Amino acid sequence: MAAAVLLGCAAIALGPAAALVLLTVAAEPLLLIVLLAGAFFWLLSLLAASLLWSVAVQLGGREDAALLPLGAAAAVLLQELCRFACFKMLKKADEGLATLSKDGRSPLSLRRVAYVSGLSFGTISGLFSITNILADSAGPGTVGIHGDSPYYFITSAFLTMALVLLHTFWGIIFFDACERRRAGGLGLVVGSHLLTSGLTFLNPWYEASLGPILILTLCTGLWAFSTAGGSFHNVLKCLSCKGE
Amino acid sequence: MIAFMNNSDSEEEPCNERTSLMSAESPPVPSYQDGLPASEAGEAQAHRKRRAGSSRGPSNIAGGEMSGSGVPLRESILENEEEELTLKYGAKHVIMLFVPVTLCMIVVVATIKSVRFYTEKNGQLIYTPFSEDTPSVGQRLLNSVLNTIVMISVIIVMTVFLVLLYKYRCYKFIHGWLILSSLMLLFLFTYIYLGEVLKTYNVAMDYPTLFIVIWNFGAVGMICIHWKGPLQLQQAYLIMISALMALVFIKYLPEWSAWVILGAISIYDLMAVLCPKGPLRMLVETAQERNEPIFPALIYSSAMMWTVGMAKPDTAARGASQQTWDAAEDGREQLRSPSHAESQMSETRGPVPTRPVTFEELEEEERGVKLGLGDFIFYSVLVGKAAATASGDWNTTLACFVAILIGLCLTLLLLAVFKKALPALPISITFGLIFYFSTDNLVRPFMDTLASHQLYI
């Protein structure tokens with residue numbers, strides 16, 4: 001039973017990420033390196049956020065839980081800051097690659113890089129969120145023995161999946177907004193990230209947290225799709241398998 | 001400890017017995033093989049795989065000096081293409097090293113997390129004589145520093161010994177030493193490992209079966225590593241022995257000593273490879289003077305090099321790719337596994353065409369990148385220690401894993417820029433140590449608090 005929960009939650013939480021990585025990134029070495037670089041930047045942001053958190057807890061001396069909203073907000077803002085740093089670095093790398101290549105064009109398109117960097121943020125964020133929980137789910141124990149929700153594992157898995165996808169979409173939208181210097185896009189990404197994080201504060205009232213987050217994921221996905229150049233027309237064309 | 005990019009076939013790829021990172025840009029030099037003629041090296045080409053990427057660029061040759069036949073008009077083109085080749089193959093080579101490093105780390109982490117034997121304290125090696133079971137923190141710190149000094153001194157002594165052996169051409173001694181080392185690793189340590197795994201999963205195995213399994217594993221391993229074998233099998237064996245070695249270190253190095261040793265060995269690596277009087281650098285230079293491949297064993301190579309159609313008059317430079325010369329290691333080589341990565345990798349073979357090479361005839365060269373087994377071992381020690389001692393936390397292990405890979409990526413980038421021997425340990429270990437301590441002390445409480453309230457950031 002524990003192994004079933006472990007495998008099921010792992011598949012729910014990390015399945016989309018694994019599929020995306022295997023299908024779109026694994027064949028291209030440069031994209032794998034971009035994936036790793038994105039993960040590194042996310043780790044840096046987490047490190048900074050945890051440092052702030054520890055300092056705040058030491059200084060505040062209050063209950064951990066009271067400082068959590070601030071800690072989470074700081075973490076979100078630092079993540080977006082690191083996403084911006086990642087954008088800058090990838091842009092520079094792209095220009096470097098373009099100058100080194102024979103025909104002056106870089107081997108990567110910035111859109112793909114945006115997608116991969118978002119995916120990397122999502123993957124590493126998902127891994128950090130879910131791995132300890134998965135390790136616990138394999139072992140002996142009773143979920144919610146102290147009165148917490150017994151659906152902890154499955155809801156965590158779904159939340160992680162949503163977060164992975166959200167990070168991917170945010171990556172696409174963010175890079176596009178940075179590229180076109182549109183502050184509106186940036187603000188919306190940061191705002192929706194803060195909203196998502198804030199909604200998780202409503203756990204274990206899952207109707208209010210998980211439901212809206214999944215709806216938000218869908219909307220962000222559609223927005224990212226249109227940012228990347230997709231449209232209903234494109235989808236129809238693709239589905240009808242018309243030759244280009 | 002040396003990352004090396006050769007642009008001439010006269011230069012070898014010197015690599016230290018422990019940690020070397022090099023990208024082979026020139027055809028492998030013939031190995032010293034007792035009594036075997038160089039031409040014998042060209043035999044099994046069946047297992048040579050064409051890389052998909054190689055078909056893209058027509059006859060990209062990195063390093064014009066490669067082709068012995070004079071193709072002067074191509075000199076300038078080749079130099080321009082060298083940059084692009086570096087670029088084109090750079091990312092591929094990075095990934096070709098990521099995969100084995102990741103596999104080794106996965107094996108080590110999986111073993112640490114499941115087999116209790118490797119996390120139990122059961123004595124210490126003689127190389128770390130000071131115990132850490134002291135009451136005071138200061139004493140413990142002092143003991144770990146002393147342990148590190150002892151360990152690093154042993155390493156320095158053995159490296160210098162090795163350099164002297166090499167200088168005075170005691171090849172047979174080195175060869176024998178390495179064979180003994182790999183025997184011990186492939187048989188004894190595998191036996192212990194298998195025993196512990198069987199105990200963990202409560203599986204019974206009778207002695208005859210055990211004997212057959214261990215005998216086959218060890219014998220094939222010896223053949224693959226020291227003689228010839230399919231490239232992937234050889235790579236798999238090298239990964240396995242690196243993992244076994246790393247597990248031994250994780251088990252027998254006391255905690256604080258392990259971290260101090262990791263830090264000290266990166267500094268040693270840096271100095272030994274880059275300082276003019278460093279033993280490894282002297283090794284490199286001696287090998288270059290003699291135009292020999294030094295210590296091709298103990299190196300993991302990621303691809304096979306084959307240069308068909310290169311009319312190089314000196315067949316020795318191309319033919320004998322079989323490098324069975326196992327370099328003796330330094331102090332720890334008893335525990336270390338010799339690797340014989342080069343032999344499979346550098347299978348240059350076939351008849352040497354004497355006609356001048358034309359542009360179209362030059363085959364795509366598959367240049368592999370080489371990384372010393374010591375690098376594998378220390379990366380895995382870091383990640384394994386993180387898995388063993390970070391209070392059951394997986395985030396620390398993940399963070400160290402990402403840090404090490406990023407360090408390796410940066411090292412390879414520097415290798416592409418500087419094109420000379422570079423140490424592979426410092427950047428990765430530094431990142432790994434920083435991430436280990438910060439994740440364990442700062443990130444873990446934060447993430448635990450968030451997870452207990454089911455909050456997501």
# chains A, B, ... in the order shown; residues from 1 in each chain; ligands from 1
call {"tool": "residues_around", "arguments": {"residues": "stretch 145-155 of chain B", "least_positions_apart": "2", "cutoff": "7 Å", "atoms": "only C-alpha atoms", "output": "PDB file with N, CA and C atoms, in the first residue's frame"}}
result
ATOM      1  N   TYR B 127      44.813   5.433   7.249  1.00  0.00           N
ATOM      2  CA  TYR B 127      45.199   6.749   6.749  1.00  0.00           C
ATOM      3  C   TYR B 127      44.565   7.865   7.554  1.00  0.00           C
ATOM      4  N   THR B 128      43.604   7.519   8.388  1.00  0.00           N
ATOM      5  CA  THR B 128      42.990   8.524   9.251  1.00  0.00           C
ATOM      6  C   THR B 128      43.085   8.009  10.676  1.00  0.00           C
ATOM      7  N   PRO B 129      44.285   8.120  11.260  1.00  0.00           N
ATOM      8  CA  PRO B 129      44.490   7.438  12.537  1.00  0.00           C
ATOM      9  C   PRO B 129      43.807   8.072  13.741  1.00  0.00           C
ATOM     10  N   PHE B 130      43.460   9.351  13.624  1.00  0.00           N
ATOM     11  CA  PHE B 130      42.922  10.014  14.807  1.00  0.00           C
ATOM     12  C   PHE B 130      41.424   9.790  14.891  1.00  0.00           C
ATOM     13  N   LEU B 141      37.727  18.800  15.991  1.00  0.00           N
ATOM     14  CA  LEU B 141      38.183  19.558  14.828  1.00  0.00           C
ATOM     15  C   LEU B 141      39.668  19.336  14.597  1.00  0.00           C
ATOM     16  N   LEU B 142      40.410  19.383  15.701  1.00  0.00           N
ATOM     17  CA  LEU B 142      41.856  19.173  15.584  1.00  0.00           C
ATOM     18  C   LEU B 142      42.155  17.794  15.015  1.00  0.00           C
ATOM     19  N   ASN B 143      41.438  16.788  15.528  1.00  0.00           N
ATOM     20  CA  ASN B 143      41.672  15.428  15.034  1.00  0.00           C
ATOM     21  C   ASN B 143      41.355  15.311  13.555  1.00  0.00           C
ATOM     22  N   VAL B 157      53.058  11.765  -1.065  1.00  0.00           N
ATOM     23  CA  VAL B 157      54.194  10.831  -1.127  1.00  0.00           C
ATOM     24  C   VAL B 157      53.997   9.832  -2.256  1.00  0.00           C
ATOM     25  N   MET B 158      52.793   9.290  -2.330  1.00  0.00           N
ATOM     26  CA  MET B 158      52.562   8.278  -3.364  1.00  0.00           C
ATOM     27  C   MET B 158      52.598   8.889  -4.758  1.00  0.00           C
ATOM     28  N   THR B 159      52.118  10.102  -4.876  1.00  0.00           N
ATOM     29  CA  THR B 159      52.169  10.734  -6.198  1.00  0.00           C
ATOM     30  C   THR B 159      53.603  10.975  -6.618  1.00  0.00           C
ATOM     31  N   SER B 257      36.314  14.517   9.294  1.00  0.00           N
ATOM     32  CA  SER B 257      37.512  14.307   8.473  1.00  0.00           C
ATOM     33  C   SER B 257      37.148  14.248   6.996  1.00  0.00           C
ATOM     34  N   VAL B 260      36.732  17.775   5.646  1.00  0.00           N
ATOM     35  CA  VAL B 260      38.000  18.505   5.557  1.00  0.00           C
ATOM     36  C   VAL B 260      38.872  17.909   4.466  1.00  0.00           C
ATOM     37  N   ILE B 261      38.835  16.556   4.360  1.00  0.00           N
ATOM     38  CA  ILE B 261      39.644  15.912   3.319  1.00  0.00           C
ATOM     39  C   ILE B 261      39.158  16.330   1.940  1.00  0.00           C
ATOM     40  N   ASP B 330      48.638   6.889  -6.427  1.00  0.00           N
ATOM     41  CA  ASP B 330      49.348   7.348  -5.273  1.00  0.00           C
ATOM     42  C   ASP B 330      48.815   6.589  -4.075  1.00  0.00           C
ATOM     43  N   GLY B 331      49.064   7.146  -2.957  1.00  0.00           N
ATOM     44  CA  GLY B 331      48.821   6.414  -1.721  1.00  0.00           C
ATOM     45  C   GLY B 331      47.637   5.493  -1.698  1.00  0.00           C
ATOM     46  N   ARG B 332      46.537   5.979  -2.165  1.00  0.00           N
ATOM     47  CA  ARG B 332      45.349   5.203  -1.977  1.00  0.00           C
ATOM     48  C   ARG B 332      45.138   4.160  -3.040  1.00  0.00           C
TER      49      ARG B 332
END
call {"tool": "closest_atom_pairs", "arguments": {"of": "chain A", "to": "chain B", "cutoff": "7 Å", "atoms": "only C-alpha atoms", "output": "Markdown table"}}
result
| residue | atom | partner | partner_atom | distance |
| --- | --- | --- | --- | --- |
| A:Pro29 | CA | B:Ala91 | CA | 5.3 |
| A:Leu30 | CA | B:Ala91 | CA | 5.4 |
| A:Leu36 | CA | B:Ile406 | CA | 7.0 |
| A:Phe40 | CA | B:Val402 | CA | 6.6 |
| A:Leu47 | CA | B:Val443 | CA | 6.2 |
| A:Ser50 | CA | B:Val443 | CA | 5.1 |
| A:Leu51 | CA | B:Leu442 | CA | 6.0 |
| A:Ser54 | CA | B:Leu442 | CA | 6.6 |
| A:Ala72 | CA | B:Ile457 | CA | 5.7 |
| A:Ala75 | CA | B:Ile457 | CA | 6.4 |
| A:Val76 | CA | B:Ile457 | CA | 5.9 |
| A:Leu100 | CA | B:Glu84 | CA | 6.7 |
| A:Ser101 | CA | B:Glu84 | CA | 6.1 |
| A:Phe128 | CA | B:Asn395 | CA | 5.7 |
| A:Thr131 | CA | B:Trp394 | CA | 6.4 |
| A:Asn132 | CA | B:Trp394 | CA | 5.9 |
| A:Ser197 | CA | B:Ile457 | CA | 5.3 |
| A:Thr200 | CA | B:Leu455 | CA | 5.2 |
| A:Phe201 | CA | B:Leu455 | CA | 5.9 |
| A:Asn203 | CA | B:Gln454 | CA | 6.5 |
call {"tool": "write_last_selection", "arguments": {"atoms": "N, CA and C atoms", "output": "short mmCIF file (atom, residue, chain, number, x, y, z; two decimals), in the first residue's frame"}}
result
data_model
loop_
_atom_site.label_atom_id
_atom_site.label_comp_id
_atom_site.auth_asym_id
_atom_site.auth_seq_id
_atom_site.Cartn_x
_atom_site.Cartn_y
_atom_site.Cartn_z
N PRO A 29 21.90 18.28 -26.06
CA PRO A 29 22.81 18.52 -24.94
C PRO A 29 22.78 19.95 -24.42
N LEU A 30 22.68 20.90 -25.35
CA LEU A 30 22.68 22.29 -24.90
C LEU A 30 21.48 22.57 -24.01
N LEU A 36 20.03 22.36 -16.36
CA LEU A 36 20.83 22.32 -15.14
C LEU A 36 21.10 23.72 -14.61
N PHE A 40 20.16 25.35 -10.98
CA PHE A 40 21.14 25.99 -10.13
C PHE A 40 20.66 27.35 -9.67
N LEU A 47 18.34 29.28 -1.47
CA LEU A 47 19.37 29.50 -0.45
C LEU A 47 19.22 30.88 0.15
N SER A 50 16.15 31.03 2.32
CA SER A 50 16.31 30.34 3.60
C SER A 50 17.21 31.13 4.53
N LEU A 51 18.20 31.79 3.94
CA LEU A 51 19.08 32.62 4.77
C LEU A 51 18.27 33.74 5.42
N SER A 54 16.12 32.28 8.15
CA SER A 54 16.82 31.96 9.40
C SER A 54 17.15 33.22 10.17
N ALA A 72 7.50 33.06 2.83
CA ALA A 72 7.06 32.55 1.53
C ALA A 72 7.09 33.65 0.48
N ALA A 75 10.54 34.27 -0.55
CA ALA A 75 11.01 33.19 -1.41
C ALA A 75 10.50 33.37 -2.84
N VAL A 76 9.23 33.75 -2.96
CA VAL A 76 8.66 33.94 -4.30
C VAL A 76 9.38 35.05 -5.04
N LEU A 100 29.86 32.88 -32.06
CA LEU A 100 30.81 31.81 -32.32
C LEU A 100 30.40 30.95 -33.49
N SER A 101 29.12 30.95 -33.79
CA SER A 101 28.69 30.01 -34.83
C SER A 101 29.00 30.57 -36.21
N PHE A 128 12.22 19.38 -4.93
CA PHE A 128 12.45 19.79 -3.56
C PHE A 128 11.18 19.72 -2.73
N THR A 131 10.14 15.29 -2.74
CA THR A 131 10.96 14.09 -2.52
C THR A 131 10.92 13.63 -1.08
N ASN A 132 11.02 14.59 -0.16
CA ASN A 132 10.95 14.17 1.25
C ASN A 132 9.60 13.56 1.58
N SER A 197 1.22 30.92 -4.23
CA SER A 197 1.80 30.62 -2.93
C SER A 197 0.82 30.97 -1.81
N THR A 200 -1.88 28.41 -1.24
CA THR A 200 -1.52 27.20 -0.49
C THR A 200 -1.62 27.41 1.02
N PHE A 201 -1.67 28.69 1.42
CA PHE A 201 -1.86 28.92 2.85
C PHE A 201 -3.23 28.47 3.31
N ASN A 203 -4.47 25.63 2.67
CA ASN A 203 -4.50 24.19 2.95
C ASN A 203 -4.80 23.99 4.42
#
call {"tool": "select_by_dssp", "arguments": {"residues": "stretch 33-238 of chain A", "states": "helix (DSSP H, G or I)", "output": "number ranges by chain"}}
result
A: 33-60, 64-100, 110-138, 152-179, 183-200, 206-227, 232-238
call {"tool": "atom_distance", "arguments": {"atom1": "atom CA of A:Leu6", "atom2": "atom CA of A:Val143"}}
result
13.2 Å
call {"tool": "residues_around", "arguments": {"residues": "A:Leu52", "least_positions_apart": "4", "cutoff": "12 Å", "atoms": "only C-alpha atoms", "output": "short mmCIF file (atom, residue, chain, number, x, y, z; two decimals) with N, CA and C atoms, in the first residue's frame"}}
result
data_model
loop_
_atom_site.label_atom_id
_atom_site.label_comp_id
_atom_site.auth_asym_id
_atom_site.auth_seq_id
_atom_site.Cartn_x
_atom_site.Cartn_y
_atom_site.Cartn_z
N SER A 45 18.26 30.93 -5.35
CA SER A 45 17.17 31.72 -4.79
C SER A 45 16.66 31.10 -3.50
N LEU A 46 16.58 29.77 -3.50
CA LEU A 46 16.10 29.11 -2.29
C LEU A 46 17.07 29.32 -1.14
N LEU A 47 18.34 29.28 -1.47
CA LEU A 47 19.37 29.50 -0.45
C LEU A 47 19.22 30.88 0.15
N ALA A 48 19.06 31.89 -0.73
CA ALA A 48 18.91 33.26 -0.23
C ALA A 48 17.67 33.39 0.63
N ALA A 56 15.56 36.02 10.02
CA ALA A 56 14.32 36.59 10.57
C ALA A 56 13.87 35.83 11.80
N VAL A 57 14.01 34.49 11.73
CA VAL A 57 13.59 33.69 12.88
C VAL A 57 14.48 33.98 14.08
N GLN A 58 15.77 34.11 13.83
CA GLN A 58 16.68 34.41 14.93
C GLN A 58 16.38 35.77 15.53
N LEU A 59 16.20 36.75 14.65
CA LEU A 59 15.97 38.09 15.14
C LEU A 59 14.60 38.22 15.76
N GLY A 60 13.61 37.66 15.02
CA GLY A 60 12.25 37.84 15.52
C GLY A 60 12.01 37.10 16.82
N LEU A 67 5.98 34.05 10.95
CA LEU A 67 6.84 34.64 9.93
C LEU A 67 6.70 33.95 8.59
N LEU A 68 5.90 32.89 8.57
CA LEU A 68 5.84 32.11 7.33
C LEU A 68 5.33 32.89 6.12
N LEU A 70 5.64 35.96 5.40
CA LEU A 70 6.72 36.80 4.92
C LEU A 70 7.81 35.97 4.27
N GLY A 71 8.11 34.82 4.91
CA GLY A 71 9.14 33.96 4.35
C GLY A 71 8.77 33.47 2.97
N ALA A 72 7.50 33.06 2.83
CA ALA A 72 7.06 32.55 1.53
C ALA A 72 7.09 33.65 0.48
N ALA A 73 6.64 34.86 0.87
CA ALA A 73 6.64 35.97 -0.09
C ALA A 73 8.07 36.30 -0.53
N ALA A 74 8.97 36.31 0.46
CA ALA A 74 10.38 36.59 0.13
C ALA A 74 10.91 35.53 -0.82
N ALA A 75 10.54 34.27 -0.55
CA ALA A 75 11.01 33.19 -1.41
C ALA A 75 10.50 33.37 -2.84
N LEU A 78 12.34 36.26 -4.50
CA LEU A 78 13.72 35.89 -4.83
C LEU A 78 13.75 34.93 -6.00
N LEU B 442 20.42 25.70 6.51
CA LEU B 442 19.50 26.80 6.28
C LEU B 442 18.23 26.35 5.57
N VAL B 443 18.41 25.61 4.47
CA VAL B 443 17.25 25.31 3.65
C VAL B 443 16.37 24.26 4.31
N PHE B 446 13.75 25.50 6.75
CA PHE B 446 12.75 26.28 6.03
C PHE B 446 11.79 25.37 5.29
#
call {"tool": "closest_residue", "arguments": {"among": "A:Ser117, A:Gln79, A:Thr217, A:Ser137", "to": "A:Ser156", "atoms": "only C-alpha atoms"}}
result
A:Ser137
call {"tool": "residues_around", "arguments": {"residues": "A:Cys178", "least_positions_apart": "5", "cutoff": "9 Å", "atoms": "only C-alpha atoms", "output": "PDB file with C-alpha atoms, in the first residue's frame"}}
result
ATOM      1  CA  PHE A  84      15.451  37.311 -14.253  1.00  0.00           C
ATOM      2  CA  PHE A  87      17.239  35.284 -18.347  1.00  0.00           C
ATOM      3  CA  ILE A 173       5.746  34.356 -20.278  1.00  0.00           C
ATOM      4  CA  ALA A 183       6.354  45.256 -17.431  1.00  0.00           C
ATOM      5  CA  GLY A 185       3.793  40.494 -18.245  1.00  0.00           C
ATOM      6  CA  LEU A 186       6.421  40.558 -15.521  1.00  0.00           C
TER       7      LEU A 186
END
call {"tool": "residues_around", "arguments": {"residues": "A:Gly118", "least_positions_apart": "2", "cutoff": "8 Å", "atoms": "only C-alpha atoms", "output": "MDAnalysis selection string"}}
result
chainID A and resid 38 114:116 120:122 167:172
call {"tool": "write_last_selection", "arguments": {"atoms": "C-alpha atoms", "output": "mmCIF file, in the first residue's frame"}}
result
data_model
loop_
_atom_site.group_PDB
_atom_site.id
_atom_site.type_symbol
_atom_site.label_atom_id
_atom_site.label_comp_id
_atom_site.auth_asym_id
_atom_site.auth_seq_id
_atom_site.Cartn_x
_atom_site.Cartn_y
_atom_site.Cartn_z
ATOM 1 C CA GLY A 38 18.049 26.878 -14.346
ATOM 2 C CA ALA A 114 12.561 30.135 -22.117
ATOM 3 C CA TYR A 115 10.529 26.958 -22.046
ATOM 4 C CA VAL A 116 13.440 24.852 -20.830
ATOM 5 C CA SER A 120 14.021 23.540 -14.991
ATOM 6 C CA PHE A 121 12.653 25.850 -12.310
ATOM 7 C CA GLY A 122 9.552 23.707 -12.136
ATOM 8 C CA HIS A 167 6.791 27.330 -13.456
ATOM 9 C CA THR A 168 7.105 26.165 -17.042
ATOM 10 C CA PHE A 169 4.409 28.573 -18.189
ATOM 11 C CA TRP A 170 5.779 31.415 -16.122
ATOM 12 C CA GLY A 171 9.182 30.863 -17.649
ATOM 13 C CA ILE A 172 7.785 31.286 -21.155
#
call {"tool": "atom_distance", "arguments": {"atom1": "atom CA of B:Gly384", "atom2": "atom CA of B:Asp133"}}
result
21.5 Å
call {"tool": "atom_distance", "arguments": {"atom1": "atom CA of A:Ala157", "atom2": "atom CA of A:Cys82"}}
result
25.0 Å
